[in-house]
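Peer 1: First the structure, which I've put down as structure tokens, then a few questions once you've had a look.
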Amino acid sequence: MRSNANGAEQRPLLTSDVAAPADALTRLVARGDQEFEAFFERVESVELLPKGAPNRVRLRKEQGLAVRKIENGRSRLAAADTISGPAFAACCDRVAGTTRSIGTTPPRIRTGRWPALRLAQIEQAESRLTRAVNRRRVGFPMEITARRHRRQVQVIRSRMAAPPQFEEYFSLHVKTPWGVWGGLLPSLAAEDLDPVALCLVDRLRSRGLPPHRPGPGVIVLGPNAAAVLLHEVVAHALEADTLALSGSPDQVVGLKLGGPELDVVDDPRSAPLACKRSSDDEGTAAISRWLLRRGRVRQPLADLAWAERCPSMIPGAARRASRHRLPGPRTTHLELLPGAIPERELFAEAAGGLYIGEFDRGNLDPFDGRCVLRAPCGRRIGATGPRDHTGPIEIRSRAVDLLAAVAAVGDRPLAGGAGWCAKDGALLPVWARCPSVRLEGLQVAD
Amino acid sequence: MKSARLPGTRSLKLALGAVRERTGAAGAELYVKVGRTRRIEIDPWTTPPPADPDDLPAQVSILDERGWALRAGGANRALFLADSGPLPEPNGWKRLSRHSPRPGTLRLPAPSSETSPGITPSASAGAGEREPDDEEAAGLALLQGVLRGLGERMPEARLIRGRLDCGASAAVLASTTGVTGRTALRLATVELDSAASRDGRLGHCRLYRAASNLHLLSADSIASEIAERLTLATAPAPPFLPAGEVAVSPALGCYLLALLAPLLRGRNGWRRLRKLGADRPLGPPQLQIVDDGALDAGWMSAALDDEGVPTRAVALVHDGEPGEPLLSWEDDGWSGFAAAGCRRRSGWRALPELCHSHLYIAGGSEPAESIRTGIVHGCYLLDRAHDGQCHATFEPSTNGSAGRLGEGHFEVDAIGLVIRRGAVLGEAPRVRLTGSVRQLLQGIRAIGDDLRFLPAPGAVGAPTLLLTGLQVEAIG
């Protein structure tokens with residue numbers, strides 16, 4: 001039994017032999033082009049609301065399974081909110097369309113104990129964040145809601161069982177008199193709360209300022225903002241299902257989307273320590289995937305179904321929001337590889353331009369490639385770097401124009417820009433590691 | 001496999017006794033829900049459709065959901081715990097202890113004299129207890145019918161994404177205060193994203209419709225609605241927009257009413273609503289806005305809310321004047337108003353929250369067609385523009401004066417037609433309708449007789465409305 005960075009014990013989800021359900025799935029296969037998969041999931045969320053809220057501590061636990069048949073690119077899925085042999089057998093019957101499809105005796109399926117609750121680490125979040133804000137010589141009322149999310153997943157296919165996966169991360173929701181900040185954190189340690197405090201103080205200093213409309217000029221994006229930009233215009237744009245809306249997904253391979261400074265990788269194995277994944281939600285081994293190599297499309301994000309339809313695609317990027325949803329190709333941990341430009345030099349000759357530390361919202365229209373990015377505040381760049389605060393900033397541009405505008409990439413990548421991706425209503429945590437980037441000559445759409 | 005059955009209230013009471021014994025909590029409530037959903041998702045670019053619905057490239061999911069939630073505590077300590085699967089046996093609560101409740105408060109409703117324990121208003125729907133064999137076939141036939149109808153009406157249209165959910169759920173609750181209740185619901189929803197390109201102009205449409213039964217959804221009318229919206233969305237912009245009357249369809253009326261929802265619930269909403277009117281009526285005398293948790297044939301209709309409090313019709317705006325506020329049992333008697341069952345849970349994982357169930361503007365006496373043809377110089381707005389603005393701001397003015405934001409301001413992007421003396425002059429692919437909430441309500445000149453409900457969340461209903469005094473401008 002191992003412990004992760006947050007001290008949570010990584011208990012196995014299934015304590016019974018995975019060979020039994022794997023054998024049962026093998027018996028379901030009637031034809032060579034059929035594949036069966038079982039997905040076991042356990043989720044725990046602990047929520048601590050601000051003082052004075054009714055039911056201040058809220059604990060939600062759930063576990064269940066799903067069996068899926070894949071045949072000719074079509075899926076048939078049956079899911080249940082319990083993990084047991086009979087539930088597994090019933091789901092097999094439903095996808096197979098027969099009774100007793102795996103025989104008369106369901107396999108023995110047992111689950112291990114839930115990890116220890118450990119509420120103390122969540123209870124400390126409020127005081128730690130308040131201290132981090134106060135260190136910047138300011139103080140203001142905050143209503144802090146802290147949540148810890150844990151998820152255990154085990155995927156078994158008819159011929160293989162992937163290693164069990166365990167994720168643990170935190171989310172914060174901070175309400176201030178001038179707005180709400182929300183985001184994901186790998187831990188509630190001081191070093192992860194400090195950037196949150198910085199964002200909150202920036203918002204304090206820009207409160208009440210009118211919206212700022214960026215004109216042509218230099219825009220420097222901090223690591224958080226660069227991560228959101230890349231999530232929208234690289235990761236979403238290169239998901240096989242998004243690409244299929246406008247043609248064949250594999251036709252984009254080799255397409256030039258940006259300059260040679262853009263090396264973008266999706267690597268679930270290098271996500272923050274407690275969120276690393278060695279396999280995806282279909283049990284396929286996760287890989288380090290070059291999305292863009294020197295600005296050209298190298299390998300779009302694909303799951304098993306899309307890899308079957310487009311043979312040049314490599315699966316391993318399947319994610320599912322829960323056992324009740326079908327998997328789809330999604331990013332997990334996006335990385336922009338560092339450039340050679342020192343951070344300070346990104347601001348050189350940028351006087352009069354804008355510095356954006358974070359975007360709190362982003363959206364890509366998959367049909368026309370238009371992207372909208374919204375920042376709650378920004379700063380004007382002076383001779384020595386970011387200075388005066390500005391009000392909210394909205395950037396509307398085509399995805400290709402945004403990427404073409406990347407003129408320089410900083411040399412110091414930082415973890416940041418983590419958040420919930422809500423594509424198609426499926427809420428998934430996404431992580432990133434980026435340096436700052438400098439945009440020049442950005443074409444802003446009306 | 002049969003659907004999971006709900007436990008009886010006796011099992012719940014035994015479990016409540018065990019919870020109180022272990023935690024020492026003054027009060028406790030258990031809520032158990034089971035449900036089954038059949039989901040059909042169809043892949044993009046499937047026009048023309050195959051002749052046999054079974055050949056549709058569809059992904060089918062059969063989802064059994066089952067979970068429970070416990071609230072326990074008292075004046076100083078409280079606990080909320082939700083878990084999937086069946087309710088633990090009375091001796092299965094060993095993990096709970098006197099330390100489980102944390103600082104917080106818990107209040108639970110007392111049984112009402114009107115409460116009939118065990119009421120199952122929609123039990124005839126057999127929610128969670130039966131599964132029609134033809135549900136999947138009917139769902140595939142509906143989607144195929146939509147594709148075929150769309151192809152006939154607008155060959156250049158393509159369905160990008162289609163999802164049909166058809167399911168039923170049932171819930172039971174019991175509390176230590178003596179409240180017990182059962183509810184059951186059946187619902188079918190269809191969500192379709194479509195696109196078309198005409199003369200280089202790309203248009204999108206997202207349609208979301210619901211009915212209490214799959215067979216009440218008509219493929220023909222859905223296809224017609226999509227084609228109508230795509231035709232407007234891909235039309236050239238009009239050379240000018242008349243700034244006179246604006247008629248809005250029931251679909252757009254629903255979105256406008258949904259924007260006003262914060263004013264129409266709770267004590268704070270009531271205070272703002274009363275302020276809006278100032279010394280004048282809120283709207284015309286024929287304006288009635290109602291929330292009714294027990295609406296006959298409504299999708300969400302139930303005799304009890306998710307805390308076991310009886311539901312009823314609440315006239316929020318009556319004859320154009322503020323009527324009574326939508327109050328939960330905790331506010332019963334506030335300013336002399338009675339509470340109604342209005343706290344709902346979005347699922348077994350969620351705590352009950354004050355929300356609307358069937359919020360609607362009651363239909364008037366004027367035929368909707370005569371409202372549309374009676375426009376002298378104005379617009380008929382059919383629906384929201386895909387991915388356009390649709391929001392209202394209710395921030396109080398910061399300097400304390402009754403500024404514009406103090407009365408609420410809304411902004412909705414819509415598609416529609418330009419009308420002159422009842423005749424269509426041209427299409428309006430994207431216009432922005434803006435104004436204050438006061439202008440919106442006081443500017444209602446006619447209310448049609450074609451009340452229609454749309455899923456919002458919850459159900460929101462509106463008939464065709466004739467509005468004046470709002471700003472309309474072409475955008476994009």
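Here, A, B, ... name the chains of the structure tokens in the order displayed, residue numbers run from 1 inside each chain, and ligands are numbered from 1 in the same displayed order.
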Could you list, with a cut-off of 7 Å and counting only C-alpha atoms, the residues of chain A near chain B, each shown with its nearest atom pair and the distance in Å rounded to one decimal, rows sorted by chain and ascending number, as a Markdown table?
Peer 2:
| residue | atom | partner | partner_atom | distance |
| --- | --- | --- | --- | --- |
| A:Gly52 | CA | B:Gly104 | CA | 6.5 |
| A:Ala53 | CA | B:Gly104 | CA | 6.5 |
| A:Pro54 | CA | B:Thr105 | CA | 4.9 |
| A:Asn55 | CA | B:Ala78 | CA | 5.3 |
| A:Arg56 | CA | B:Gly104 | CA | 5.5 |
| A:Val57 | CA | B:Leu79 | CA | 6.4 |
| A:Arg58 | CA | B:Phe80 | CA | 4.9 |
| A:Leu59 | CA | B:Leu81 | CA | 4.9 |
| A:Arg60 | CA | B:Ala82 | CA | 4.7 |
| A:Lys61 | CA | B:Asp83 | CA | 4.7 |
| A:Glu62 | CA | B:Ser84 | CA | 4.6 |
| A:Gln63 | CA | B:Ser84 | CA | 6.2 |
| A:Arg74 | CA | B:Gln59 | CA | 5.7 |
| A:Ser75 | CA | B:Gln59 | CA | 4.9 |
| A:Arg76 | CA | B:Val60 | CA | 4.9 |
| A:Leu77 | CA | B:Ser61 | CA | 4.5 |
| A:Ala78 | CA | B:Ile62 | CA | 4.7 |
| A:Ala79 | CA | B:Leu63 | CA | 4.9 |
| A:Ala80 | CA | B:Asp64 | CA | 4.8 |
| A:Asp81 | CA | B:Gly85 | CA | 5.5 |
| A:Thr82 | CA | B:Gly85 | CA | 5.1 |
| A:Ala90 | CA | B:Met1 | CA | 5.9 |
| A:Leu245 | CA | B:Pro44 | CA | 6.9 |
| A:His324 | CA | B:Leu63 | CA | 6.3 |
Peer 1: Which parts of segment 140-239 of chain A does DSSP call strand (DSSP E or B) when run on the backbone here, written out as a PDB file with C-alpha atoms, in the first residue's frame?
Peer 2:
ATOM      1  CA  GLU A 143     -16.415  32.859   2.110  1.00  0.00           C
ATOM      2  CA  ILE A 144     -14.324  29.792   1.361  1.00  0.00           C
ATOM      3  CA  THR A 145     -15.702  26.438   0.316  1.00  0.00           C
ATOM      4  CA  ALA A 146     -13.047  23.716   0.104  1.00  0.00           C
ATOM      5  CA  ARG A 147     -13.591  20.304  -1.424  1.00  0.00           C
ATOM      6  CA  ARG A 148     -11.452  17.208  -1.660  1.00  0.00           C
ATOM      7  CA  HIS A 149     -12.113  14.848  -4.549  1.00  0.00           C
ATOM      8  CA  ARG A 150     -10.948  11.245  -4.653  1.00  0.00           C
ATOM      9  CA  ARG A 151     -11.541   8.780  -7.450  1.00  0.00           C
ATOM     10  CA  GLN A 152     -10.498   5.177  -7.871  1.00  0.00           C
ATOM     11  CA  VAL A 153     -10.909   3.459 -11.214  1.00  0.00           C
ATOM     12  CA  GLN A 154     -10.272  -0.077 -12.422  1.00  0.00           C
ATOM     13  CA  VAL A 155     -10.836  -1.111 -16.036  1.00  0.00           C
ATOM     14  CA  ILE A 156     -10.999  -4.743 -17.127  1.00  0.00           C
ATOM     15  CA  ARG A 157     -11.264  -5.711 -20.782  1.00  0.00           C
ATOM     16  CA  MET A 160      -6.538  -7.606 -20.012  1.00  0.00           C
ATOM     17  CA  ALA A 161      -6.870  -5.672 -16.782  1.00  0.00           C
ATOM     18  CA  GLN A 165      -5.886   4.278 -10.896  1.00  0.00           C
ATOM     19  CA  PHE A 166      -6.244   6.662  -7.981  1.00  0.00           C
ATOM     20  CA  GLU A 167      -6.654  10.429  -8.159  1.00  0.00           C
ATOM     21  CA  GLU A 168      -6.903  12.943  -5.353  1.00  0.00           C
ATOM     22  CA  TYR A 169      -7.198  16.696  -5.755  1.00  0.00           C
ATOM     23  CA  PHE A 170      -8.905  19.718  -4.235  1.00  0.00           C
ATOM     24  CA  SER A 171     -11.166  22.481  -5.419  1.00  0.00           C
ATOM     25  CA  LEU A 172     -11.706  25.891  -3.882  1.00  0.00           C
ATOM     26  CA  HIS A 173     -14.572  28.312  -4.278  1.00  0.00           C
ATOM     27  CA  VAL A 174     -13.874  31.730  -2.801  1.00  0.00           C
ATOM     28  CA  LYS A 175     -16.624  34.328  -2.687  1.00  0.00           C
ATOM     29  CA  THR A 176     -15.600  37.941  -2.127  1.00  0.00           C
ATOM     30  CA  GLY A 179     -16.754  38.233  -7.339  1.00  0.00           C
ATOM     31  CA  VAL A 180     -16.063  34.544  -7.121  1.00  0.00           C
ATOM     32  CA  TRP A 181     -12.812  32.647  -7.726  1.00  0.00           C
ATOM     33  CA  GLY A 182     -12.944  28.922  -8.389  1.00  0.00           C
ATOM     34  CA  GLY A 183     -10.291  26.425  -9.385  1.00  0.00           C
ATOM     35  CA  LEU A 184      -8.536  23.121  -8.803  1.00  0.00           C
ATOM     36  CA  LEU A 185      -5.446  22.514  -6.720  1.00  0.00           C
ATOM     37  CA  HIS A 212     -10.894  46.805 -20.982  1.00  0.00           C
ATOM     38  CA  ILE A 219      -0.152  40.701 -24.700  1.00  0.00           C
ATOM     39  CA  VAL A 220       1.851  38.658 -22.216  1.00  0.00           C
ATOM     40  CA  LEU A 221       0.007  35.693 -20.735  1.00  0.00           C
ATOM     41  CA  GLU A 239      -9.890  16.034 -29.833  1.00  0.00           C
TER      42      GLU A 239
END
Peer 1: Could you check which of A:Ala340, A:Leu354, A:Arg31, A:Lys276 is closest to Ala96 of chain A, using only C-alpha atoms?
Peer 2: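 Smallest distance to Ala96 of chain A is found for A:Arg31.
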Peer 1: Show which residues sit within 12 Å of segment 287-294 of chain A, as a PyMOL selection string. Count only C-alpha atoms, and ignore same-chain residues fewer than 3 positions away.
Peer 2: chain A and resi 230-231+233-240+252-271+276-280+284+297-302+313-318+330-337+339+403
Peer 1: Using only C-alpha atoms, can you tell me which of A:Gly73, A:Pro106, A:Pro366, A:Pro21 comes closest to Ala305 of chain A?
Peer 2: A:Gly73
Peer 1: So that I can see what lies close to segment 427-443 of chain A, please list as an NGL selection string the residues with an atom at most 7 Å from it, counting only C-alpha atoms and leaving out residues fewer than 3 positions away in the same chain.
Peer 2: :A and (216-223 or 226-227 or 271 or 321 or 331-338 or 346 or 397 or 401-402 or 405-422)
Peer 1: Could you pull out the residues in segment 131-283 of chain B that DSSP calls alpha helix (DSSP H) from the backbone, as a PyMOL selection string?
Peer 2: chain B and resi 135-153+219-233+250-259+266-277
Peer 1: Quick one: residues within 8 Å of Asn213 of chain B, only C-alpha atoms counted, chain neighbours fewer than 6 positions away excluded, as a list in words?
Peer 2: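 That gives Cys166, Arg186, Leu187 and Ala188 of chain B.
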